[in-house]
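Everything below belongs to input15.csv, which stores CSV, C-alpha atoms.
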chain,number,residue,atom,x,y,z
A,1448,MET,CA,27.0,-62.7,71.2
A,1449,SER,CA,29.2,-59.7,72.1
A,1450,GLU,CA,26.5,-57.3,70.9
A,1451,ASP,CA,24.0,-59.1,73.1
A,1452,LEU,CA,26.3,-58.7,76.1
A,1453,ASN,CA,26.9,-55.1,75.3
A,1454,GLN,CA,23.2,-54.5,75.3
A,1455,LYS,CA,23.0,-56.2,78.7
A,1456,ILE,CA,25.7,-53.8,79.9
A,1457,SER,CA,23.5,-51.0,78.7
A,1458,GLN,CA,20.5,-52.5,80.5
A,1459,PHE,CA,22.5,-53.1,83.7
A,1460,MET,CA,23.5,-49.4,83.8
A,1461,ASP,CA,19.8,-48.5,83.6
A,1462,ASN,CA,18.7,-50.9,86.4
A,1463,GLU,CA,16.7,-52.8,83.8
A,1464,LEU,CA,18.5,-56.2,84.1
A,1465,GLU,CA,17.2,-59.0,86.2
A,1466,HIS,CA,19.5,-60.4,88.8
A,1467,ALA,CA,20.0,-63.7,87.1
A,1468,ASP,CA,21.0,-61.9,83.9
A,1469,ALA,CA,23.2,-59.5,85.9
A,1470,ILE,CA,25.1,-62.4,87.5
A,1471,GLU,CA,25.6,-63.9,84.1
A,1472,LEU,CA,26.9,-60.6,82.9
A,1473,LEU,CA,29.2,-60.4,85.8
A,1474,ALA,CA,30.7,-63.8,84.9
A,1475,ALA,CA,31.2,-62.6,81.4
A,1476,LEU,CA,32.8,-59.3,82.6
A,1477,ASN,CA,35.3,-61.3,84.7
A,1478,ALA,CA,36.2,-63.5,81.8
A,1479,GLN,CA,36.4,-60.8,79.0
A,1480,PRO,CA,38.4,-57.6,79.7
A,1481,GLU,CA,37.0,-55.9,76.6
A,1482,LEU,CA,33.5,-56.1,78.1
A,1483,GLN,CA,34.9,-54.4,81.2
A,1484,HIS,CA,36.3,-51.6,79.1
A,1485,LYS,CA,32.9,-51.3,77.4
A,1486,LEU,CA,31.2,-51.0,80.7
A,1487,HIS,CA,33.7,-48.4,81.9
A,1488,ARG,CA,33.2,-46.4,78.7
A,1489,TYR,CA,29.4,-46.5,78.9
A,1490,THR,CA,29.5,-45.5,82.5
A,1491,ALA,CA,32.0,-42.7,81.9
A,1492,ILE,CA,29.8,-41.4,79.1
A,1493,SER,CA,26.8,-41.2,81.3
A,1494,HIS,CA,28.9,-39.6,84.1
A,1495,ALA,CA,30.5,-37.1,81.6
A,1496,LEU,CA,27.1,-36.0,80.3
A,1497,LYS,CA,26.0,-35.0,83.8
A,1498,ASN,CA,29.3,-33.7,85.2
A,1499,GLN,CA,31.2,-32.4,82.2
A,1500,VAL,CA,34.2,-34.5,83.3
A,1501,TYR,CA,35.3,-37.8,81.7
A,1502,LEU,CA,36.4,-40.0,84.5
A,1503,LYS,CA,38.7,-42.8,83.6
A,1504,VAL,CA,38.5,-45.7,86.1
A,1505,LYS,CA,41.4,-48.1,86.5
A,1506,ASP,CA,40.6,-51.3,84.6
A,1507,ASP,CA,41.2,-53.4,87.7
A,1508,PHE,CA,39.2,-51.2,90.1
A,1509,SER,CA,36.3,-53.6,90.7
A,1510,ALA,CA,38.5,-56.7,90.3
A,1511,ASN,CA,40.7,-55.6,93.1
A,1512,ILE,CA,37.7,-55.0,95.4
A,1513,ALA,CA,36.3,-58.4,94.4
A,1514,GLU,CA,39.6,-60.0,95.3
A,1515,GLN,CA,39.7,-58.4,98.7
A,1516,ILE,CA,36.1,-59.3,99.4
A,1517,GLN,CA,36.8,-63.0,98.7
A,1518,GLN,CA,39.1,-62.9,101.7
A,1519,GLU,CA,36.5,-61.3,104.0
A,1520,SER,CA,33.9,-63.2,105.9
A,1521,VAL,CA,30.2,-62.8,105.1
A,1522,PRO,CA,28.9,-59.6,106.9
A,1523,VAL,CA,27.0,-60.7,110.0
A,1524,ILE,CA,23.5,-59.1,110.1
A,1525,GLU,CA,22.9,-57.2,113.3
A,1526,GLN,CA,19.2,-57.7,114.2
A,1527,ALA,CA,17.4,-54.6,115.3
A,1528,PRO,CA,15.1,-55.3,118.3
A,1529,SER,CA,11.6,-55.8,117.1
A,1530,PHE,CA,8.7,-53.6,118.3
A,1531,LYS,CA,7.3,-56.6,120.3
A,1532,GLN,CA,10.6,-57.2,122.0
A,1533,THR,CA,11.1,-53.5,122.7
A,1534,TYR,CA,7.5,-53.3,124.1
A,1535,GLN,CA,8.2,-56.3,126.4
A,1536,TRP,CA,11.3,-54.7,127.8
A,1537,LEU,CA,9.5,-51.4,128.3
A,1538,ALA,CA,6.7,-53.2,130.2
A,1539,LEU,CA,9.3,-55.1,132.4
A,1540,ALA,CA,11.2,-51.9,133.1
A,1541,ALA,CA,8.0,-50.0,134.0
A,1542,SER,CA,6.9,-52.9,136.3
A,1543,LEU,CA,10.3,-52.9,138.1
A,1544,ALA,CA,10.1,-49.1,138.5
A,1545,ILE,CA,6.7,-49.3,140.1
A,1546,ILE,CA,7.8,-52.1,142.4
A,1547,ALA,CA,10.9,-50.1,143.4
A,1548,PHE,CA,8.7,-47.1,144.1
A,1549,ILE,CA,6.3,-49.0,146.3
A,1550,VAL,CA,9.0,-50.7,148.3
A,1551,ASP,CA,10.8,-47.4,148.7
A,1552,GLN,CA,7.6,-45.7,149.9
A,1553,SER,CA,7.0,-48.6,152.4
A,1554,PHE,CA,10.5,-48.3,153.9
A,1555,ASN,CA,10.4,-44.6,154.1
A,1556,THR,CA,7.0,-44.4,155.8
A,1557,GLN,CA,7.1,-47.5,158.1
A,1558,LEU,CA,10.3,-49.2,158.8
A,1559,PHE,CA,13.0,-46.5,159.1
A,1560,LYS,CA,11.1,-43.8,161.0
A,1561,PRO,CA,11.6,-44.2,164.7
A,1562,ALA,CA,8.0,-43.1,165.4
A,1563,ALA,CA,6.7,-45.6,163.1
A,1564,THR,CA,8.8,-48.3,164.7
A,1565,LEU,CA,7.5,-47.4,168.1
A,1566,GLN,CA,3.9,-47.6,166.8
A,1567,MET,CA,4.6,-51.0,165.4
A,1568,ALA,CA,6.1,-52.1,168.6
A,1569,GLN,CA,3.2,-50.9,170.6
A,1570,ARG,CA,0.8,-52.7,168.3
A,1571,TRP,CA,2.8,-55.8,168.6
A,1572,LEU,CA,3.7,-55.9,172.3
A,1573,PRO,CA,0.2,-55.9,173.9
A,1574,GLU,CA,-0.5,-59.2,172.1
A,1575,GLN,CA,2.5,-60.5,174.0
A,1576,SER,CA,0.9,-59.8,177.5
A,1577,ASP,CA,0.8,-63.5,178.3
A,1578,LEU,CA,4.5,-63.7,177.5
A,1579,ASN,CA,5.1,-60.6,179.7
A,1580,LYS,CA,3.4,-62.4,182.6
A,1581,LEU,CA,5.6,-65.4,182.0
A,1582,ILE,CA,8.7,-63.2,181.9
A,1583,GLY,CA,7.6,-61.4,185.1
A,1584,GLN,CA,7.0,-64.7,186.7
A,1585,TYR,CA,10.3,-66.0,185.6
A,1586,LEU,CA,12.1,-62.9,187.0
A,1587,LYS,CA,10.4,-63.2,190.3
A,1588,GLU,CA,11.4,-66.8,190.5
A,1589,HIS,CA,14.9,-66.2,189.6
A,1590,SER,CA,15.5,-63.3,192.1
A,1591,PHE,CA,16.1,-60.4,189.7
A,1592,ASP,CA,15.5,-57.7,192.3
A,1593,ALA,CA,14.7,-54.9,190.0
A,1594,TYR,CA,11.9,-56.7,188.5
A,1595,ALA,CA,10.9,-58.9,191.5
A,1596,LYS,CA,10.1,-55.8,193.5
A,1597,SER,CA,7.6,-54.6,190.9
A,1598,ASP,CA,4.1,-55.2,191.8
A,1599,ALA,CA,2.4,-54.7,188.6
A,1600,ASP,CA,2.9,-56.6,185.4
A,1601,ASP,CA,3.2,-53.3,183.5
A,1602,LYS,CA,6.6,-52.4,184.9
A,1603,PRO,CA,8.6,-55.3,183.4
A,1604,TYR,CA,6.6,-54.9,180.3
A,1605,GLY,CA,7.6,-51.2,180.1
A,1606,LYS,CA,11.3,-52.0,180.6
A,1607,VAL,CA,11.1,-54.7,177.9
A,1608,THR,CA,9.5,-52.1,175.7
A,1609,THR,CA,12.3,-49.6,176.4
A,1610,TYR,CA,14.9,-52.2,175.7
A,1611,ASN,CA,13.2,-53.0,172.4
A,1612,GLN,CA,13.2,-49.3,171.4
A,1613,LYS,CA,16.9,-49.1,171.9
B,352,MET,CA,12.4,-63.4,80.0
B,353,ILE,CA,10.6,-60.1,80.3
B,354,ASN,CA,12.5,-57.6,82.4
B,355,GLN,CA,10.3,-55.9,84.9
B,356,PRO,CA,11.2,-52.2,85.2
B,357,ARG,CA,12.4,-51.5,88.7
B,358,ASN,CA,13.9,-48.5,90.3
B,359,SER,CA,17.5,-48.3,91.3
B,360,GLU,CA,16.7,-48.6,95.0
B,361,GLN,CA,14.7,-51.8,94.6
B,362,LEU,CA,17.6,-53.4,92.7
B,363,ASP,CA,20.1,-52.3,95.3
B,364,GLU,CA,17.9,-53.7,98.1
B,365,GLU,CA,17.9,-57.1,96.3
B,366,LEU,CA,21.6,-57.0,95.8
B,367,VAL,CA,22.3,-56.0,99.4
B,368,SER,CA,20.0,-58.8,100.7
B,369,ARG,CA,21.9,-61.3,98.6
B,370,VAL,CA,25.3,-60.1,99.9
B,371,GLN,CA,24.0,-60.4,103.5
B,372,ARG,CA,23.0,-64.0,102.6
B,373,GLY,CA,26.6,-64.7,101.5
B,374,ASP,CA,26.4,-63.9,97.7
B,375,LYS,CA,29.6,-62.0,97.3
B,376,ALA,CA,29.1,-61.6,93.5
B,377,ALA,CA,26.1,-59.4,94.2
B,378,PHE,CA,28.5,-56.9,95.9
B,379,ASP,CA,30.6,-56.9,92.7
B,380,LEU,CA,27.6,-55.6,90.9
B,381,LEU,CA,27.1,-52.9,93.4
B,382,VAL,CA,30.7,-51.9,93.0
B,383,ILE,CA,30.4,-51.8,89.2
B,384,LYS,CA,27.2,-49.8,89.5
B,385,TYR,CA,28.5,-47.1,91.8
B,386,GLN,CA,32.3,-47.0,91.2
B,387,HIS,CA,32.1,-43.9,89.0
B,388,LYS,CA,29.9,-42.0,91.5
B,389,ILE,CA,32.1,-42.9,94.4
B,390,ILE,CA,35.4,-42.1,92.7
B,391,GLN,CA,34.0,-38.8,91.6
B,392,LEU,CA,32.9,-38.1,95.2
B,393,VAL,CA,36.2,-39.0,96.7
B,394,ASN,CA,37.9,-36.9,94.0
B,395,ARG,CA,36.3,-33.9,95.6
B,396,TYR,CA,38.5,-34.5,98.7
B,397,VAL,CA,41.5,-36.4,97.4
B,398,LYS,CA,42.7,-34.5,94.4
B,399,ASP,CA,45.2,-37.0,93.1
B,400,PRO,CA,43.1,-39.3,90.7
B,401,SER,CA,45.2,-42.4,91.5
B,402,GLU,CA,44.9,-41.9,95.2
B,403,ALA,CA,41.3,-41.1,94.9
B,404,GLN,CA,40.7,-44.5,93.3
B,405,ASP,CA,42.6,-46.3,96.1
B,406,VAL,CA,40.5,-44.4,98.7
B,407,ALA,CA,37.3,-45.3,96.8
B,408,GLN,CA,38.3,-48.9,96.9
B,409,GLU,CA,38.9,-48.7,100.6
B,410,ALA,CA,35.4,-47.2,101.0
B,411,PHE,CA,33.8,-50.1,99.2
B,412,ILE,CA,35.7,-52.6,101.4
B,413,LYS,CA,34.5,-50.7,104.5
B,414,ALA,CA,31.0,-50.8,103.1
B,415,TYR,CA,31.2,-54.5,102.6
B,416,ARG,CA,32.4,-55.1,106.2
B,417,ALA,CA,29.6,-52.9,107.6
B,418,LEU,CA,26.9,-54.4,105.4
B,419,GLY,CA,25.6,-56.4,108.4
B,420,THR,CA,24.5,-53.1,110.0
B,421,PHE,CA,22.7,-51.9,106.9
B,422,ARG,CA,19.0,-52.2,107.6
B,423,GLY,CA,17.6,-50.3,104.6
B,424,GLU,CA,16.5,-47.3,106.6
B,425,ALA,CA,18.2,-45.1,104.0
B,426,ALA,CA,18.9,-46.0,100.3
B,427,PHE,CA,22.0,-48.0,99.8
B,428,TYR,CA,23.7,-45.3,97.8
B,429,THR,CA,23.1,-42.7,100.6
B,430,TRP,CA,24.6,-45.1,103.1
B,431,LEU,CA,27.6,-45.8,100.8
B,432,TYR,CA,28.0,-42.1,100.1
B,433,ARG,CA,28.4,-41.4,103.8
B,434,ILE,CA,31.0,-44.2,104.2
B,435,ALA,CA,32.9,-42.8,101.1
B,436,ILE,CA,33.0,-39.2,102.5
B,437,ASN,CA,34.1,-40.4,105.9
B,438,THR,CA,36.9,-42.6,104.4
B,439,ALA,CA,38.1,-39.6,102.2
B,440,LYS,CA,38.1,-37.2,105.2
B,441,ASN,CA,39.9,-39.7,107.4
B,442,TYR,CA,42.4,-40.3,104.6
B,443,LEU,CA,43.1,-36.6,104.3
B,444,ILE,CA,43.5,-36.1,108.0
B,445,LEU,CA,45.9,-39.0,108.3
B,446,ARG,CA,47.9,-37.9,105.2
B,447,THR,CA,48.3,-34.5,106.6
B,448,ARG,CA,49.5,-35.8,109.9
B,449,ARG,CA,52.0,-38.1,108.2
B,450,HIS,CA,53.5,-35.3,106.0
B,451,SER,CA,53.6,-32.3,108.2
B,452,ASN,CA,53.1,-30.9,111.7
B,453,TYR,CA,50.2,-29.0,110.4
B,454,GLN,CA,47.0,-30.8,111.2
B,455,LEU,CA,43.9,-30.5,109.1
B,456,ASP,CA,40.8,-30.2,111.1
B,457,ILE,CA,37.4,-31.5,110.2
B,458,GLN,CA,36.0,-28.1,109.2
B,459,GLU,CA,38.8,-27.6,106.7
B,460,VAL,CA,38.2,-31.1,105.3
B,461,GLU,CA,34.5,-30.2,104.9
B,462,ALA,CA,35.5,-27.0,103.0
B,463,ILE,CA,37.7,-29.0,100.6
B,464,GLY,CA,34.7,-31.2,99.7
B,465,ASN,CA,32.6,-28.1,98.9
B,466,GLU,CA,35.2,-26.5,96.6
B,467,PRO,CA,34.1,-26.4,93.0
B,468,GLN,CA,36.7,-28.0,90.8
B,469,LEU,CA,37.3,-30.3,87.8
B,470,GLN,CA,37.9,-33.5,89.7
B,471,GLY,CA,41.0,-35.4,88.9
B,472,MET,CA,42.3,-32.8,86.4
B,473,ASP,CA,45.8,-32.3,87.6
B,474,THR,CA,47.6,-31.1,84.5
B,475,PRO,CA,46.8,-28.7,81.6
B,476,GLU,CA,47.1,-31.7,79.3
B,477,GLN,CA,44.4,-33.5,81.2
B,478,LEU,CA,42.2,-30.4,81.1
B,479,ILE,CA,42.6,-30.1,77.4
B,480,LEU,CA,41.9,-33.8,76.8
B,481,ASN,CA,38.8,-33.5,79.0
B,482,GLU,CA,37.6,-30.5,77.0
B,483,GLU,CA,38.1,-32.4,73.8
B,484,ILE,CA,36.2,-35.4,75.0
B,485,ILE,CA,33.3,-33.3,76.2
B,486,THR,CA,33.1,-31.5,72.9
B,487,THR,CA,33.2,-34.8,71.0
B,488,LEU,CA,30.5,-36.2,73.3
B,489,ASN,CA,28.2,-33.3,72.8
B,490,LYS,CA,28.6,-33.6,69.0
B,491,ALA,CA,28.0,-37.3,69.1
B,492,ILE,CA,24.8,-36.7,70.9
B,493,GLU,CA,23.7,-34.1,68.4
B,494,ASP,CA,24.3,-36.5,65.6
B,495,LEU,CA,22.0,-39.2,67.0
B,496,PRO,CA,18.8,-39.8,65.1
B,497,GLU,CA,15.9,-37.9,66.6
B,498,GLU,CA,14.0,-40.9,68.2
B,499,MET,CA,17.2,-42.3,69.6
B,500,LEU,CA,18.2,-38.9,71.0
B,501,LEU,CA,14.8,-38.5,72.7
B,502,ALA,CA,15.0,-42.0,74.3
B,503,PHE,CA,18.6,-41.3,75.4
B,504,LYS,CA,17.7,-37.9,76.9
B,505,LEU,CA,14.7,-39.3,78.8
B,506,ARG,CA,16.8,-42.0,80.3
B,507,GLU,CA,20.0,-40.0,81.1
B,508,PHE,CA,18.6,-36.7,82.1
B,509,GLU,CA,15.1,-37.4,83.2
B,510,GLY,CA,15.9,-40.8,84.7
B,511,LEU,CA,12.8,-42.5,83.3
B,512,SER,CA,12.5,-46.3,83.3
B,513,TYR,CA,12.2,-48.2,80.0
B,514,GLU,CA,8.5,-48.7,80.6
B,515,GLU,CA,8.0,-45.0,81.2
B,516,ILE,CA,10.0,-44.1,78.0
B,517,ALA,CA,8.0,-46.7,76.1
B,518,LEU,CA,4.8,-45.1,77.2
B,519,ALA,CA,6.0,-41.6,76.5
B,520,MET,CA,7.2,-42.5,73.0
B,521,ASP,CA,4.4,-45.0,72.3
B,522,CYS,CA,6.5,-47.9,71.3
B,523,PRO,CA,7.5,-51.3,72.8
B,524,ILE,CA,10.0,-51.6,75.6
B,525,GLY,CA,12.3,-53.7,73.4
B,526,THR,CA,12.6,-50.8,71.0
B,527,ILE,CA,13.6,-48.5,73.8
B,528,ARG,CA,16.1,-51.0,75.0
B,529,SER,CA,17.6,-51.2,71.6
B,530,ARG,CA,17.6,-47.4,71.0
B,531,LEU,CA,19.4,-46.8,74.2
B,532,PHE,CA,22.0,-49.4,73.4
B,533,ARG,CA,22.5,-48.0,69.9
B,534,ALA,CA,22.8,-44.5,71.2
B,535,ARG,CA,25.6,-45.5,73.6
B,536,GLU,CA,27.4,-47.5,70.9
B,537,ALA,CA,27.3,-44.5,68.5
B,538,ILE,CA,28.7,-42.1,71.2
B,539,ASP,CA,31.3,-44.7,72.3
B,540,LYS,CA,32.4,-45.1,68.7
B,541,GLN,CA,33.2,-41.4,68.3
B,542,LEU,CA,35.0,-41.2,71.7
B,543,THR,CA,37.1,-44.3,71.3
B,544,PRO,CA,39.9,-42.6,69.2
B,545,LEU,CA,40.4,-40.0,71.9
B,546,LEU,CA,40.5,-42.6,74.7
B,547,GLU,CA,43.1,-45.0,73.2
Written as structure tokens, that's how I'd like the structure from this file.
Amino acid sequence: MSEDLNQKISQFMDNELEHADAIELLAALNAQPELQHKLHRYTAISHALKNQVYLKVKDDFSANIAEQIQQESVPVIEQAPSFKQTYQWLALAASLAIIAFIVDQSFNTQLFKPAATLQMAQRWLPEQSDLNKLIGQYLKEHSFDAYAKSDADDKPYGKVTTYNQK
Amino acid sequence: MINQPRNSEQLDEELVSRVQRGDKAAFDLLVIKYQHKIIQLVNRYVKDPSEAQDVAQEAFIKAYRALGTFRGEAAFYTWLYRIAINTAKNYLILRTRRHSNYQLDIQEVEAIGNEPQLQGMDTPEQLILNEEIITTLNKAIEDLPEEMLLAFKLREFEGLSYEEIALAMDCPIGTIRSRLFRAREAIDKQLTPLLE
């Protein structure tokens, strides 16, 4: 039995032991200190062959770590964003950037330039000629001299335009 | 059960995956597998053998806590190696701050790690004992039967798997498994009197 376990230690060192057997071996190692000593010696031999130093590890080295690990929670796996998710975010960011650019261009060229504002007003106001007539009529009827004395409909219209520009 | 030959990295990946799923025993296997390498590595920085083992333990605990961030982009040992080096460097810096006004900077710590030395050999007695052990070890290897010696060398120095050794020596995997075990037993038997 012991020889069988010693052979499994030898296999484990060589990465030739299946996981189920390795777990079995681990249980045996925890239960039998002499097996731990054997493992330490085999490992130290392998190490000494390559480094010319025989390294003696404390007998309770791995047991101490196992004890501390038992008090720790299971490590939480941090998911890396998948390529698909990354692609979707990139597409969204690119779309937002394009929209922001277009909106910016629109504001810069049309809304906040005084000349552009005047052009817009001029395009808009002639359509309001009926309204201008009504305003002129209203002013005449309500004795606003400055406007009532005007003969043409254009003058009140011009003043209204000027007001709008301010 | 027939054991499929696998390389070290595949086995590590499987063990890491099991730890990430809550199998803490799998981490014990990783500790057992790498404890010598990590202690030796830490010894290059922390020259006291006992302290080096404490620092190595700390490195393993840190690795366990950080295992959630391990995604297998590098081999597990490479990742563990970096954690161990950083733990050793931090330990050295903190120890120097505690014991003197002189502060060790990171370049000096790097230089310590590159110094050639016999790790953990603090006293002349330890140096003599190590020399004796290495001499006995070399003699024990020379005394191995030829086929056992060849299998042992192919495994230890060339890093071949059991299957590759079996192919090279034209014999069953079971024979190789047995030869390697017998070789280790024979060497261990000769070393035991020196280690007790």
Please provide the set of residues having any atom within 12 Å of Glu547 of chain B, restricted to all atoms listed in the file, with same-chain residues fewer than 3 positions apart removed, written as a short mmCIF file (atom, residue, chain, number, x, y, z; two decimals) with C-alpha atoms, in the frame of the given file.
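Output below, filename out-v7.cif:
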data_model
loop_
_atom_site.label_atom_id
_atom_site.label_comp_id
_atom_site.auth_asym_id
_atom_site.auth_seq_id
_atom_site.Cartn_x
_atom_site.Cartn_y
_atom_site.Cartn_z
CA HIS A 1484 36.30 -51.60 79.10
CA ARG A 1488 33.20 -46.40 78.70
CA LYS A 1503 38.70 -42.80 83.60
CA LEU B 480 41.90 -33.80 76.80
CA ILE B 484 36.20 -35.40 75.00
CA ASP B 539 31.30 -44.70 72.30
CA LYS B 540 32.40 -45.10 68.70
CA GLN B 541 33.20 -41.40 68.30
CA LEU B 542 35.00 -41.20 71.70
CA THR B 543 37.10 -44.30 71.30
CA PRO B 544 39.90 -42.60 69.20
#
Enumerate as an mmCIF file with C-alpha atoms, keeping the file's coordinate frame the residues belonging to chain A that approach chain B to within 6 Å, with all atoms listed in the file taken into account.
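selection_37.cif written:
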data_model
loop_
_atom_site.group_PDB
_atom_site.id
_atom_site.type_symbol
_atom_site.label_atom_id
_atom_site.label_comp_id
_atom_site.auth_asym_id
_atom_site.auth_seq_id
_atom_site.Cartn_x
_atom_site.Cartn_y
_atom_site.Cartn_z
ATOM 1 C CA GLN A 1454 23.200 -54.500 75.300
ATOM 2 C CA SER A 1457 23.500 -51.000 78.700
ATOM 3 C CA ASN A 1462 18.700 -50.900 86.400
ATOM 4 C CA GLU A 1463 16.700 -52.800 83.800
ATOM 5 C CA VAL A 1521 30.200 -62.800 105.100
ATOM 6 C CA PRO A 1522 28.900 -59.600 106.900
ATOM 7 C CA VAL A 1523 27.000 -60.700 110.000
ATOM 8 C CA ILE A 1524 23.500 -59.100 110.100
ATOM 9 C CA GLU A 1525 22.900 -57.200 113.300
#
Quiz item: So what do you get for atom CA of Leu1496 of chain A versus atom CA of Arg433 of chain B, distance-wise?
Solution: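 Interatomic distance here is 24.1 Å.
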Practice problem: Report the distance between atom CA of Lys1505 of chain A and atom CA of His1487 of chain A in Å, rounded to one decimal place. | Solution: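 It comes out at 9.0 Å.
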Quiz item: Can you list, as a list in words, every protein, DNA or RNA residue that comes within 7 Å of Ala439 of chain B when you count all atoms listed in the file, leaving out same-chain residues fewer than 2 positions away?
Solution: Val393, Tyr396, Val397, Val406, Ala435, Ile436, Asn437, Asn441, Tyr442 and Leu443 of chain B
Quiz item: So how many Å separate atom CA of Ile1516 of chain A and atom CA of Ile389 of chain B, to one decimal?
Solution: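 Between these atoms lies a distance of 17.6 Å.
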Exercise. Have a look at B:Ile444, B:Leu518, B:Leu392, B:Ile527 and name the one nearest to Glu498 of chain B; count only C-alpha atoms.
Key: B:Ile527
